[in-house]
>>> print(open('final_2.cif').read())   # mmCIF, N, CA and C atoms
data_run
loop_
_atom_site.label_atom_id
_atom_site.label_comp_id
_atom_site.auth_asym_id
_atom_site.auth_seq_id
_atom_site.Cartn_x
_atom_site.Cartn_y
_atom_site.Cartn_z
N MET M 1 0.85 -1.18 0.00
CA MET M 1 0.00 0.00 0.00
C MET M 1 0.89 1.23 0.00
N THR M 2 0.44 2.26 -0.69
CA THR M 2 1.27 3.44 -0.87
C THR M 2 0.55 4.71 -0.44
N GLY M 3 1.33 5.75 -0.18
CA GLY M 3 0.79 7.06 0.10
C GLY M 3 0.06 7.15 1.42
N LEU M 4 -0.68 8.24 1.57
CA LEU M 4 -1.45 8.48 2.79
C LEU M 4 -2.63 7.51 2.87
N MET M 5 -2.88 7.04 4.07
CA MET M 5 -3.91 6.03 4.28
C MET M 5 -5.18 6.63 4.88
N ALA M 6 -6.31 6.15 4.41
CA ALA M 6 -7.61 6.42 5.04
C ALA M 6 -8.00 5.13 5.76
N ARG M 7 -8.68 5.28 6.90
CA ARG M 7 -9.02 4.11 7.71
C ARG M 7 -10.41 4.25 8.32
N GLY M 8 -11.03 3.12 8.54
CA GLY M 8 -12.28 3.07 9.28
C GLY M 8 -12.34 1.75 10.03
N THR M 9 -12.95 1.76 11.22
CA THR M 9 -13.05 0.55 12.03
C THR M 9 -14.36 0.60 12.81
N THR M 10 -14.98 -0.56 12.97
CA THR M 10 -16.15 -0.69 13.83
C THR M 10 -16.20 -2.12 14.35
N THR M 11 -16.96 -2.32 15.40
CA THR M 11 -17.19 -3.66 15.92
C THR M 11 -18.66 -3.99 15.72
N ILE M 12 -18.90 -5.16 15.14
CA ILE M 12 -20.25 -5.60 14.79
C ILE M 12 -20.62 -6.79 15.67
N ASP M 13 -21.81 -6.74 16.22
CA ASP M 13 -22.29 -7.82 17.09
C ASP M 13 -22.78 -8.97 16.22
N ALA M 14 -21.79 -9.67 15.61
CA ALA M 14 -22.10 -10.80 14.74
C ALA M 14 -20.81 -11.58 14.52
N SER M 15 -20.95 -12.80 14.03
CA SER M 15 -19.80 -13.64 13.73
C SER M 15 -19.03 -13.11 12.52
N LYS M 16 -17.78 -13.55 12.40
CA LYS M 16 -16.99 -13.17 11.22
C LYS M 16 -17.69 -13.65 9.94
N ALA M 17 -18.29 -14.83 9.99
CA ALA M 17 -18.98 -15.35 8.80
C ALA M 17 -20.12 -14.42 8.38
N ALA M 18 -20.87 -13.91 9.34
CA ALA M 18 -21.98 -13.00 9.02
C ALA M 18 -21.46 -11.67 8.47
N VAL M 19 -20.38 -11.16 9.05
CA VAL M 19 -19.80 -9.90 8.58
C VAL M 19 -19.21 -10.10 7.19
N TRP M 20 -18.54 -11.24 6.97
CA TRP M 20 -17.99 -11.54 5.64
C TRP M 20 -19.10 -11.55 4.60
N LYS M 21 -20.22 -12.18 4.94
CA LYS M 21 -21.35 -12.20 4.02
C LYS M 21 -21.82 -10.78 3.73
N GLY M 22 -21.85 -9.94 4.76
CA GLY M 22 -22.24 -8.54 4.56
C GLY M 22 -21.31 -7.80 3.62
N LEU M 23 -20.03 -8.14 3.66
CA LEU M 23 -19.05 -7.50 2.78
C LEU M 23 -19.11 -8.00 1.35
N THR M 24 -19.63 -9.21 1.14
CA THR M 24 -19.54 -9.83 -0.18
C THR M 24 -20.88 -10.16 -0.84
N ASP M 25 -21.97 -10.04 -0.13
CA ASP M 25 -23.29 -10.34 -0.69
C ASP M 25 -23.85 -9.11 -1.38
N PRO M 26 -24.08 -9.17 -2.71
CA PRO M 26 -24.55 -7.99 -3.43
C PRO M 26 -25.80 -7.35 -2.86
N ASP M 27 -26.75 -8.16 -2.37
CA ASP M 27 -27.98 -7.59 -1.81
C ASP M 27 -27.69 -6.78 -0.55
N GLN M 28 -26.80 -7.28 0.30
CA GLN M 28 -26.46 -6.54 1.51
C GLN M 28 -25.62 -5.31 1.17
N ILE M 29 -24.70 -5.42 0.24
CA ILE M 29 -23.88 -4.27 -0.17
C ILE M 29 -24.78 -3.14 -0.66
N LYS M 30 -25.78 -3.49 -1.44
CA LYS M 30 -26.71 -2.49 -1.96
C LYS M 30 -27.38 -1.71 -0.83
N ASP M 31 -27.66 -2.41 0.30
CA ASP M 31 -28.31 -1.76 1.44
C ASP M 31 -27.46 -0.67 2.07
N TYR M 32 -26.15 -0.88 2.19
CA TYR M 32 -25.33 0.08 2.92
C TYR M 32 -24.37 0.89 2.06
N MET M 33 -24.33 0.63 0.76
CA MET M 33 -23.45 1.40 -0.13
C MET M 33 -24.28 2.21 -1.14
N MET M 34 -25.21 2.97 -0.63
CA MET M 34 -25.99 3.91 -1.43
C MET M 34 -26.63 3.27 -2.66
N GLY M 35 -27.09 2.03 -2.52
CA GLY M 35 -27.78 1.36 -3.62
C GLY M 35 -26.87 0.82 -4.70
N SER M 36 -25.59 0.82 -4.46
CA SER M 36 -24.62 0.36 -5.45
C SER M 36 -24.81 -1.12 -5.78
N VAL M 37 -24.80 -1.43 -7.06
CA VAL M 37 -24.91 -2.81 -7.53
C VAL M 37 -23.49 -3.31 -7.80
N VAL M 38 -23.10 -4.36 -7.07
CA VAL M 38 -21.75 -4.91 -7.19
C VAL M 38 -21.79 -6.18 -8.02
N GLU M 39 -20.83 -6.29 -8.93
CA GLU M 39 -20.72 -7.50 -9.75
C GLU M 39 -19.29 -8.00 -9.71
N THR M 40 -19.10 -9.24 -9.26
CA THR M 40 -17.81 -9.92 -9.24
C THR M 40 -18.06 -11.37 -8.83
N ASP M 41 -17.04 -12.21 -9.02
CA ASP M 41 -17.14 -13.58 -8.51
C ASP M 41 -16.27 -13.77 -7.27
N TRP M 42 -15.65 -12.69 -6.79
CA TRP M 42 -14.84 -12.68 -5.56
C TRP M 42 -13.62 -13.60 -5.65
N GLN M 43 -13.11 -13.83 -6.85
CA GLN M 43 -11.91 -14.64 -7.03
C GLN M 43 -10.72 -13.74 -7.33
N PRO M 44 -9.55 -14.00 -6.75
CA PRO M 44 -8.37 -13.19 -7.05
C PRO M 44 -8.12 -13.10 -8.56
N GLY M 45 -7.88 -11.88 -9.01
CA GLY M 45 -7.65 -11.63 -10.43
C GLY M 45 -8.91 -11.26 -11.19
N SER M 46 -10.08 -11.44 -10.58
CA SER M 46 -11.34 -11.14 -11.25
C SER M 46 -11.68 -9.66 -11.14
N PRO M 47 -12.40 -9.14 -12.14
CA PRO M 47 -12.85 -7.75 -12.06
C PRO M 47 -13.98 -7.59 -11.05
N ILE M 48 -14.14 -6.37 -10.58
CA ILE M 48 -15.27 -6.00 -9.73
C ILE M 48 -15.77 -4.65 -10.22
N THR M 49 -17.09 -4.48 -10.28
CA THR M 49 -17.67 -3.19 -10.62
C THR M 49 -18.73 -2.83 -9.59
N TRP M 50 -18.88 -1.53 -9.39
CA TRP M 50 -19.94 -0.96 -8.56
C TRP M 50 -20.68 0.01 -9.46
N SER M 51 -21.98 -0.18 -9.63
CA SER M 51 -22.78 0.68 -10.51
C SER M 51 -23.92 1.29 -9.72
N GLY M 52 -24.26 2.51 -10.09
CA GLY M 52 -25.37 3.16 -9.43
C GLY M 52 -25.52 4.58 -9.91
N GLU M 53 -26.12 5.39 -9.03
CA GLU M 53 -26.33 6.79 -9.32
C GLU M 53 -25.91 7.61 -8.11
N TRP M 54 -25.14 8.67 -8.34
CA TRP M 54 -24.67 9.54 -7.28
C TRP M 54 -25.03 10.97 -7.65
N LYS M 55 -25.86 11.58 -6.81
CA LYS M 55 -26.32 12.96 -7.04
C LYS M 55 -26.90 13.12 -8.44
N GLY M 56 -27.72 12.13 -8.85
CA GLY M 56 -28.39 12.18 -10.14
C GLY M 56 -27.54 11.81 -11.33
N LYS M 57 -26.30 11.40 -11.08
CA LYS M 57 -25.39 11.07 -12.18
C LYS M 57 -25.03 9.58 -12.11
N PRO M 58 -25.26 8.83 -13.21
CA PRO M 58 -24.89 7.41 -13.19
C PRO M 58 -23.37 7.24 -13.13
N TYR M 59 -22.94 6.16 -12.50
CA TYR M 59 -21.51 5.87 -12.41
C TYR M 59 -21.28 4.37 -12.49
N GLN M 60 -20.06 4.02 -12.84
CA GLN M 60 -19.60 2.64 -12.71
C GLN M 60 -18.13 2.69 -12.29
N ASP M 61 -17.91 2.37 -11.01
CA ASP M 61 -16.55 2.24 -10.49
C ASP M 61 -16.06 0.84 -10.82
N LYS M 62 -14.74 0.67 -10.80
CA LYS M 62 -14.22 -0.66 -11.13
C LYS M 62 -12.93 -0.93 -10.39
N GLY M 63 -12.54 -2.19 -10.41
CA GLY M 63 -11.30 -2.61 -9.79
C GLY M 63 -11.07 -4.07 -10.04
N GLU M 64 -10.22 -4.65 -9.20
CA GLU M 64 -9.87 -6.06 -9.32
C GLU M 64 -9.75 -6.67 -7.94
N ILE M 65 -10.19 -7.91 -7.81
CA ILE M 65 -10.02 -8.64 -6.57
C ILE M 65 -8.55 -9.06 -6.50
N VAL M 66 -7.85 -8.68 -5.43
CA VAL M 66 -6.43 -8.98 -5.28
C VAL M 66 -6.22 -10.24 -4.46
N ALA M 67 -6.87 -10.31 -3.29
CA ALA M 67 -6.67 -11.46 -2.39
C ALA M 67 -7.94 -11.71 -1.59
N VAL M 68 -8.22 -12.98 -1.35
CA VAL M 68 -9.38 -13.39 -0.56
C VAL M 68 -8.92 -14.43 0.44
N ASP M 69 -9.08 -14.11 1.72
CA ASP M 69 -8.77 -15.05 2.80
C ASP M 69 -10.00 -15.11 3.71
N GLU M 70 -11.05 -15.77 3.21
CA GLU M 70 -12.33 -15.82 3.91
C GLU M 70 -12.20 -16.57 5.24
N PRO M 71 -12.71 -16.05 6.33
CA PRO M 71 -13.43 -14.81 6.55
C PRO M 71 -12.57 -13.74 7.23
N ASP M 72 -11.27 -13.71 6.93
CA ASP M 72 -10.37 -12.82 7.67
C ASP M 72 -9.92 -11.57 6.93
N ARG M 73 -9.76 -11.67 5.61
CA ARG M 73 -9.15 -10.55 4.88
C ARG M 73 -9.61 -10.54 3.44
N LEU M 74 -9.91 -9.34 2.93
CA LEU M 74 -10.30 -9.14 1.55
C LEU M 74 -9.53 -7.93 1.03
N GLU M 75 -8.86 -8.09 -0.10
CA GLU M 75 -8.09 -6.99 -0.69
C GLU M 75 -8.52 -6.82 -2.13
N LEU M 76 -8.74 -5.56 -2.53
CA LEU M 76 -9.15 -5.26 -3.89
C LEU M 76 -8.70 -3.87 -4.27
N THR M 77 -8.71 -3.59 -5.57
CA THR M 77 -8.41 -2.24 -6.04
C THR M 77 -9.71 -1.56 -6.40
N HIS M 78 -9.66 -0.22 -6.48
CA HIS M 78 -10.86 0.57 -6.76
C HIS M 78 -10.48 1.83 -7.53
N TYR M 79 -11.26 2.10 -8.56
CA TYR M 79 -11.13 3.35 -9.33
C TYR M 79 -12.53 3.89 -9.58
N SER M 80 -12.69 5.20 -9.42
CA SER M 80 -13.96 5.84 -9.70
C SER M 80 -13.76 6.99 -10.69
N PRO M 81 -14.45 6.95 -11.84
CA PRO M 81 -14.36 8.07 -12.77
C PRO M 81 -14.92 9.37 -12.18
N LEU M 82 -15.73 9.26 -11.12
CA LEU M 82 -16.29 10.46 -10.49
C LEU M 82 -15.20 11.34 -9.87
N THR M 83 -14.00 10.78 -9.65
CA THR M 83 -12.91 11.58 -9.10
C THR M 83 -12.39 12.59 -10.11
N GLY M 84 -12.68 12.36 -11.41
CA GLY M 84 -12.17 13.24 -12.45
C GLY M 84 -10.76 12.86 -12.88
N GLN M 85 -10.19 11.84 -12.26
CA GLN M 85 -8.85 11.40 -12.62
C GLN M 85 -8.92 10.45 -13.81
N ASP M 86 -7.81 10.39 -14.56
CA ASP M 86 -7.72 9.46 -15.67
C ASP M 86 -7.69 8.03 -15.15
N ASP M 87 -8.16 7.10 -15.98
CA ASP M 87 -8.14 5.67 -15.64
C ASP M 87 -6.75 5.12 -15.93
N VAL M 88 -5.84 5.40 -15.00
CA VAL M 88 -4.46 4.94 -15.08
C VAL M 88 -4.11 4.32 -13.72
N PRO M 89 -3.11 3.44 -13.68
CA PRO M 89 -2.80 2.75 -12.42
C PRO M 89 -2.62 3.68 -11.22
N GLU M 90 -2.08 4.86 -11.42
CA GLU M 90 -1.87 5.79 -10.30
C GLU M 90 -3.16 6.30 -9.70
N SER M 91 -4.27 6.15 -10.41
CA SER M 91 -5.57 6.65 -9.93
C SER M 91 -6.34 5.61 -9.12
N TYR M 92 -5.80 4.40 -8.99
CA TYR M 92 -6.47 3.34 -8.25
C TYR M 92 -6.05 3.36 -6.79
N HIS M 93 -6.99 2.96 -5.95
CA HIS M 93 -6.73 2.76 -4.52
C HIS M 93 -6.71 1.27 -4.26
N THR M 94 -5.97 0.85 -3.25
CA THR M 94 -6.06 -0.52 -2.74
C THR M 94 -6.86 -0.47 -1.46
N LEU M 95 -7.88 -1.31 -1.38
CA LEU M 95 -8.72 -1.41 -0.19
C LEU M 95 -8.45 -2.75 0.47
N VAL M 96 -8.23 -2.73 1.77
CA VAL M 96 -8.03 -3.96 2.53
C VAL M 96 -9.01 -3.98 3.69
N TYR M 97 -9.84 -5.01 3.70
CA TYR M 97 -10.77 -5.24 4.80
C TYR M 97 -10.20 -6.35 5.66
N THR M 98 -10.14 -6.15 6.97
CA THR M 98 -9.70 -7.19 7.89
C THR M 98 -10.80 -7.41 8.94
N LEU M 99 -11.00 -8.67 9.28
CA LEU M 99 -12.00 -9.05 10.28
C LEU M 99 -11.30 -9.81 11.39
N GLU M 100 -11.59 -9.41 12.64
CA GLU M 100 -10.99 -10.05 13.81
C GLU M 100 -12.07 -10.30 14.86
N ASP M 101 -11.98 -11.47 15.51
CA ASP M 101 -12.88 -11.74 16.63
C ASP M 101 -12.62 -10.72 17.72
N ARG M 102 -13.71 -10.15 18.30
CA ARG M 102 -13.54 -9.15 19.33
C ARG M 102 -14.73 -9.19 20.28
N ASP M 103 -14.52 -9.63 21.51
CA ASP M 103 -15.54 -9.58 22.56
C ASP M 103 -16.87 -10.16 22.12
N GLY M 104 -16.86 -11.33 21.50
CA GLY M 104 -18.09 -11.97 21.07
C GLY M 104 -18.64 -11.44 19.76
N GLY M 105 -17.99 -10.46 19.17
CA GLY M 105 -18.41 -9.90 17.89
C GLY M 105 -17.24 -9.91 16.92
N THR M 106 -17.31 -9.05 15.95
CA THR M 106 -16.27 -8.96 14.93
C THR M 106 -15.86 -7.51 14.73
N GLN M 107 -14.56 -7.26 14.87
CA GLN M 107 -14.04 -5.95 14.52
C GLN M 107 -13.68 -5.98 13.04
N VAL M 108 -14.24 -5.05 12.29
CA VAL M 108 -13.93 -4.95 10.87
C VAL M 108 -13.27 -3.61 10.62
N SER M 109 -12.15 -3.67 9.90
CA SER M 109 -11.39 -2.46 9.56
C SER M 109 -11.18 -2.40 8.07
N VAL M 110 -11.12 -1.20 7.54
CA VAL M 110 -10.79 -1.01 6.13
C VAL M 110 -9.70 0.05 6.03
N THR M 111 -8.74 -0.18 5.15
CA THR M 111 -7.74 0.83 4.85
C THR M 111 -7.77 1.09 3.34
N GLN M 112 -7.51 2.34 3.00
CA GLN M 112 -7.47 2.76 1.60
C GLN M 112 -6.21 3.57 1.40
N ASP M 113 -5.38 3.14 0.47
CA ASP M 113 -4.13 3.84 0.22
C ASP M 113 -4.29 4.90 -0.88
N ASN M 114 -3.18 5.52 -1.23
CA ASN M 114 -3.06 6.41 -2.39
C ASN M 114 -3.93 7.66 -2.30
N ASN M 115 -4.06 8.23 -1.11
CA ASN M 115 -4.75 9.51 -0.95
C ASN M 115 -3.76 10.63 -1.25
N ALA M 116 -4.20 11.62 -2.00
CA ALA M 116 -3.30 12.67 -2.49
C ALA M 116 -2.75 13.55 -1.38
N ASP M 117 -3.56 13.81 -0.35
CA ASP M 117 -3.12 14.66 0.75
C ASP M 117 -3.90 14.29 2.00
N GLN M 118 -3.58 14.93 3.11
CA GLN M 118 -4.22 14.58 4.37
C GLN M 118 -5.71 14.89 4.36
N ASP M 119 -6.11 15.98 3.67
CA ASP M 119 -7.54 16.30 3.59
C ASP M 119 -8.31 15.18 2.90
N GLU M 120 -7.75 14.65 1.80
CA GLU M 120 -8.41 13.55 1.10
C GLU M 120 -8.46 12.30 1.98
N ALA M 121 -7.37 12.01 2.67
CA ALA M 121 -7.34 10.85 3.58
C ALA M 121 -8.39 11.01 4.67
N ASP M 122 -8.52 12.21 5.22
CA ASP M 122 -9.52 12.46 6.26
C ASP M 122 -10.94 12.30 5.73
N ARG M 123 -11.22 12.84 4.53
CA ARG M 123 -12.55 12.71 3.92
C ARG M 123 -12.87 11.24 3.67
N ASN M 124 -11.90 10.50 3.14
CA ASN M 124 -12.13 9.09 2.86
C ASN M 124 -12.27 8.28 4.14
N SER M 125 -11.53 8.64 5.19
CA SER M 125 -11.71 7.96 6.48
C SER M 125 -13.13 8.15 6.99
N GLN M 126 -13.64 9.35 6.85
CA GLN M 126 -15.02 9.63 7.27
C GLN M 126 -16.01 8.82 6.44
N ALA M 127 -15.77 8.74 5.13
CA ALA M 127 -16.66 7.97 4.25
C ALA M 127 -16.63 6.49 4.60
N TRP M 128 -15.44 5.95 4.89
CA TRP M 128 -15.34 4.53 5.25
C TRP M 128 -15.99 4.26 6.59
N THR M 129 -15.89 5.20 7.53
CA THR M 129 -16.55 5.03 8.82
C THR M 129 -18.06 4.99 8.63
N GLN M 130 -18.59 5.85 7.78
CA GLN M 130 -20.03 5.84 7.50
C GLN M 130 -20.45 4.53 6.83
N MET M 131 -19.62 4.04 5.88
CA MET M 131 -19.94 2.78 5.22
C MET M 131 -19.95 1.65 6.23
N LEU M 132 -18.96 1.61 7.13
CA LEU M 132 -18.91 0.55 8.13
C LEU M 132 -20.07 0.64 9.11
N ASP M 133 -20.52 1.86 9.43
CA ASP M 133 -21.71 2.02 10.26
C ASP M 133 -22.92 1.41 9.56
N GLY M 134 -23.03 1.62 8.24
CA GLY M 134 -24.11 1.02 7.47
C GLY M 134 -24.01 -0.50 7.41
N LEU M 135 -22.78 -1.01 7.26
CA LEU M 135 -22.56 -2.45 7.27
C LEU M 135 -23.01 -3.03 8.62
N LYS M 136 -22.65 -2.35 9.69
CA LYS M 136 -23.03 -2.78 11.04
C LYS M 136 -24.55 -2.88 11.16
N GLN M 137 -25.25 -1.84 10.74
CA GLN M 137 -26.72 -1.84 10.82
C GLN M 137 -27.31 -2.95 9.98
N THR M 138 -26.76 -3.17 8.79
CA THR M 138 -27.28 -4.20 7.89
C THR M 138 -27.06 -5.58 8.47
N VAL M 139 -25.84 -5.86 8.94
CA VAL M 139 -25.53 -7.20 9.45
C VAL M 139 -26.26 -7.47 10.76
N GLU M 140 -26.27 -6.50 11.66
CA GLU M 140 -26.94 -6.73 12.94
C GLU M 140 -28.46 -6.81 12.79
N GLY M 141 -28.99 -6.21 11.72
CA GLY M 141 -30.43 -6.23 11.51
C GLY M 141 -30.93 -7.44 10.73
N SER M 142 -29.97 -8.24 10.21
CA SER M 142 -30.41 -9.39 9.39
C SER M 142 -30.48 -10.67 10.20
#
>>> encode(input="final_2.cif", output="structure tokens")
Amino acid sequence: MTGLMARGTTTIDASKAAVWKGLTDPDQIKDYMMGSVVETDWQPGSPITWSGEWKGKPYQDKGEIVAVDEPDRLELTHYSPLTGQDDVPESYHTLVYTLEDRDGGTQVSVTQDNNADQDEADRNSQAWTQMLDGLKQTVEGS
């Protein structure tokens, strides 16, 4: 991972298996990621896309599944044309989700590399914290 890191962490009152399902099940992802439709087979080397609408504008983000260690770790790349950056390797982020048993629940953390400056890292940390809060509500409510 390179550059400034954005981070988010929460503890979910559920098993790692349930949290893993929340991270990888398209129906659950749609619930907590602003209606985003995810398509992938979750195999290393496979493409992943997120499609939806943001502020009235359609989008399709994309990336690649890098590593899968179910139910402990998921690593993938991510690029969004909404950033206004060119679709070149330098514009991609690496996302790493880690799941750890914690006090009868699961602590889930996400890191995102390649933030241009501290302000961007802070904004993305806030966005990941909000996403994890949504994941928590989705998993605990199912």
>>> residues_around(input="final_2.cif", residues="segment 22-24 of chain M", least_positions_apart="6", cutoff="10 Å", atoms="only C-alpha atoms", output="list in words")
Lys16, Lys30, Asp31, Tyr32, Val38, Glu39, Thr40, Asp41, Trp42, Pro71, Leu74, Tyr97, Val108, Leu132, Leu135, Lys136, Thr138, Val139, Glu140 and Ser142 of chain M
>>> select_by_dssp(input="final_2.cif", residues="segment 19-131 of chain M", states="alpha helix (DSSP H)", output="MDAnalysis selection string")
chainID M and resid 19:24 26:32 118:131
>>> residues_around(input="final_2.cif", residues="Ser15 of chain M", least_positions_apart="3", cutoff="6.5 Å", atoms="only N, CA and C atoms", output="ChimeraX atom specification")
/M:12,18-20,104-106
>>> select_by_dssp(input="final_2.cif", residues="segment 3-138 of chain M", states="strand (DSSP E or B)", output="count of residues only")
61
>>> atom_distance(input="final_2.cif", atom1="atom C of Gln85 of chain M", atom2="atom N of Thr129 of chain M")
23.1 Å
>>> residues_near_point(input="final_2.cif", point="(0.3, 9.8, 8.9)", cutoff="12 Å", atoms="only C-alpha atoms", output="list in words")
Thr2, Gly3, Leu4, Met5, Ala6, Arg7, Asp113, Asn115, Asp117, Gln118, Asp119, Ala121 and Asp122 of chain M
>>> atom_distance(input="final_2.cif", atom1="atom N of Gly141 of chain M", atom2="atom C of Val37 of chain M")
20.5 Å
>>> atom_distance(input="final_2.cif", atom1="atom C of Gln43 of chain M", atom2="atom N of Glu100 of chain M")
20.5 Å
>>> residues_around(input="final_2.cif", residues="Thr98 of chain M", least_positions_apart="2", cutoff="6 Å", atoms="only C-alpha atoms", output="ChimeraX atom specification")
/M:72-73,108-109
>>> closest_residue(input="final_2.cif", among="M:Thr10, M:Thr83, M:Gln130, M:Thr94", to="Thr111 of chain M", atoms="only N, CA and C atoms")
M:Thr94
>>> residues_near_point(input="final_2.cif", point="(-11.8, 7.3, -7.3)", cutoff="12 Å", atoms="only C-alpha atoms", output="ChimeraX atom specification")
/M:50,59-63,77-95,112-116,120,124
>>> closest_residue(input="final_2.cif", among="M:Glu53, M:Ile48, M:Asp25, M:Arg102", to="Thr11 of chain M", atoms="only N, CA and C atoms")
M:Arg102
>>> closest_residue(input="final_2.cif", among="M:Asp133, M:Gly35, M:Ala127, M:Glu75", to="Gln107 of chain M", atoms="only C-alpha atoms")
M:Asp133
>>> closest_residue(input="final_2.cif", among="M:Pro58, M:Glu70, M:Gly45, M:Met34", to="Ala17 of chain M", atoms="all atoms listed in the file")
M:Glu70
>>> decode(input="final_2.cif", residues="segment 118-131 of chain M", atoms="N, CA and C atoms", output="PDB file, in the first residue's frame")
ATOM      1  N   GLN M 118      -3.577  14.929   3.112  1.00  0.00           N
ATOM      2  CA  GLN M 118      -4.225  14.575   4.375  1.00  0.00           C
ATOM      3  C   GLN M 118      -5.711  14.887   4.358  1.00  0.00           C
ATOM      4  N   ASP M 119      -6.110  15.979   3.675  1.00  0.00           N
ATOM      5  CA  ASP M 119      -7.538  16.299   3.589  1.00  0.00           C
ATOM      6  C   ASP M 119      -8.308  15.183   2.899  1.00  0.00           C
ATOM      7  N   GLU M 120      -7.753  14.646   1.800  1.00  0.00           N
ATOM      8  CA  GLU M 120      -8.411  13.546   1.097  1.00  0.00           C
ATOM      9  C   GLU M 120      -8.458  12.298   1.982  1.00  0.00           C
ATOM     10  N   ALA M 121      -7.368  12.013   2.674  1.00  0.00           N
ATOM     11  CA  ALA M 121      -7.338  10.855   3.576  1.00  0.00           C
ATOM     12  C   ALA M 121      -8.393  11.013   4.672  1.00  0.00           C
ATOM     13  N   ASP M 122      -8.523  12.213   5.218  1.00  0.00           N
ATOM     14  CA  ASP M 122      -9.522  12.462   6.263  1.00  0.00           C
ATOM     15  C   ASP M 122     -10.945  12.304   5.727  1.00  0.00           C
ATOM     16  N   ARG M 123     -11.218  12.844   4.526  1.00  0.00           N
ATOM     17  CA  ARG M 123     -12.553  12.709   3.922  1.00  0.00           C
ATOM     18  C   ARG M 123     -12.874  11.237   3.670  1.00  0.00           C
ATOM     19  N   ASN M 124     -11.899  10.498   3.137  1.00  0.00           N
ATOM     20  CA  ASN M 124     -12.135   9.086   2.858  1.00  0.00           C
ATOM     21  C   ASN M 124     -12.274   8.275   4.140  1.00  0.00           C
ATOM     22  N   SER M 125     -11.532   8.637   5.189  1.00  0.00           N
ATOM     23  CA  SER M 125     -11.705   7.960   6.479  1.00  0.00           C
ATOM     24  C   SER M 125     -13.125   8.149   6.987  1.00  0.00           C
ATOM     25  N   GLN M 126     -13.642   9.353   6.854  1.00  0.00           N
ATOM     26  CA  GLN M 126     -15.019   9.630   7.273  1.00  0.00           C
ATOM     27  C   GLN M 126     -16.011   8.818   6.436  1.00  0.00           C
ATOM     28  N   ALA M 127     -15.774   8.742   5.127  1.00  0.00           N
ATOM     29  CA  ALA M 127     -16.664   7.974   4.248  1.00  0.00           C
ATOM     30  C   ALA M 127     -16.634   6.485   4.599  1.00  0.00           C
ATOM     31  N   TRP M 128     -15.436   5.949   4.885  1.00  0.00           N
ATOM     32  CA  TRP M 128     -15.339   4.530   5.246  1.00  0.00           C
ATOM     33  C   TRP M 128     -15.994   4.263   6.590  1.00  0.00           C
ATOM     34  N   THR M 129     -15.887   5.197   7.533  1.00  0.00           N
ATOM     35  CA  THR M 129     -16.546   5.031   8.824  1.00  0.00           C
ATOM     36  C   THR M 129     -18.060   4.985   8.631  1.00  0.00           C
ATOM     37  N   GLN M 130     -18.587   5.849   7.781  1.00  0.00           N
ATOM     38  CA  GLN M 130     -20.031   5.843   7.496  1.00  0.00           C
ATOM     39  C   GLN M 130     -20.447   4.535   6.830  1.00  0.00           C
ATOM     40  N   MET M 131     -19.623   4.044   5.881  1.00  0.00           N
ATOM     41  CA  MET M 131     -19.935   2.783   5.219  1.00  0.00           C
ATOM     42  C   MET M 131     -19.951   1.651   6.232  1.00  0.00           C
TER      43      MET M 131
END
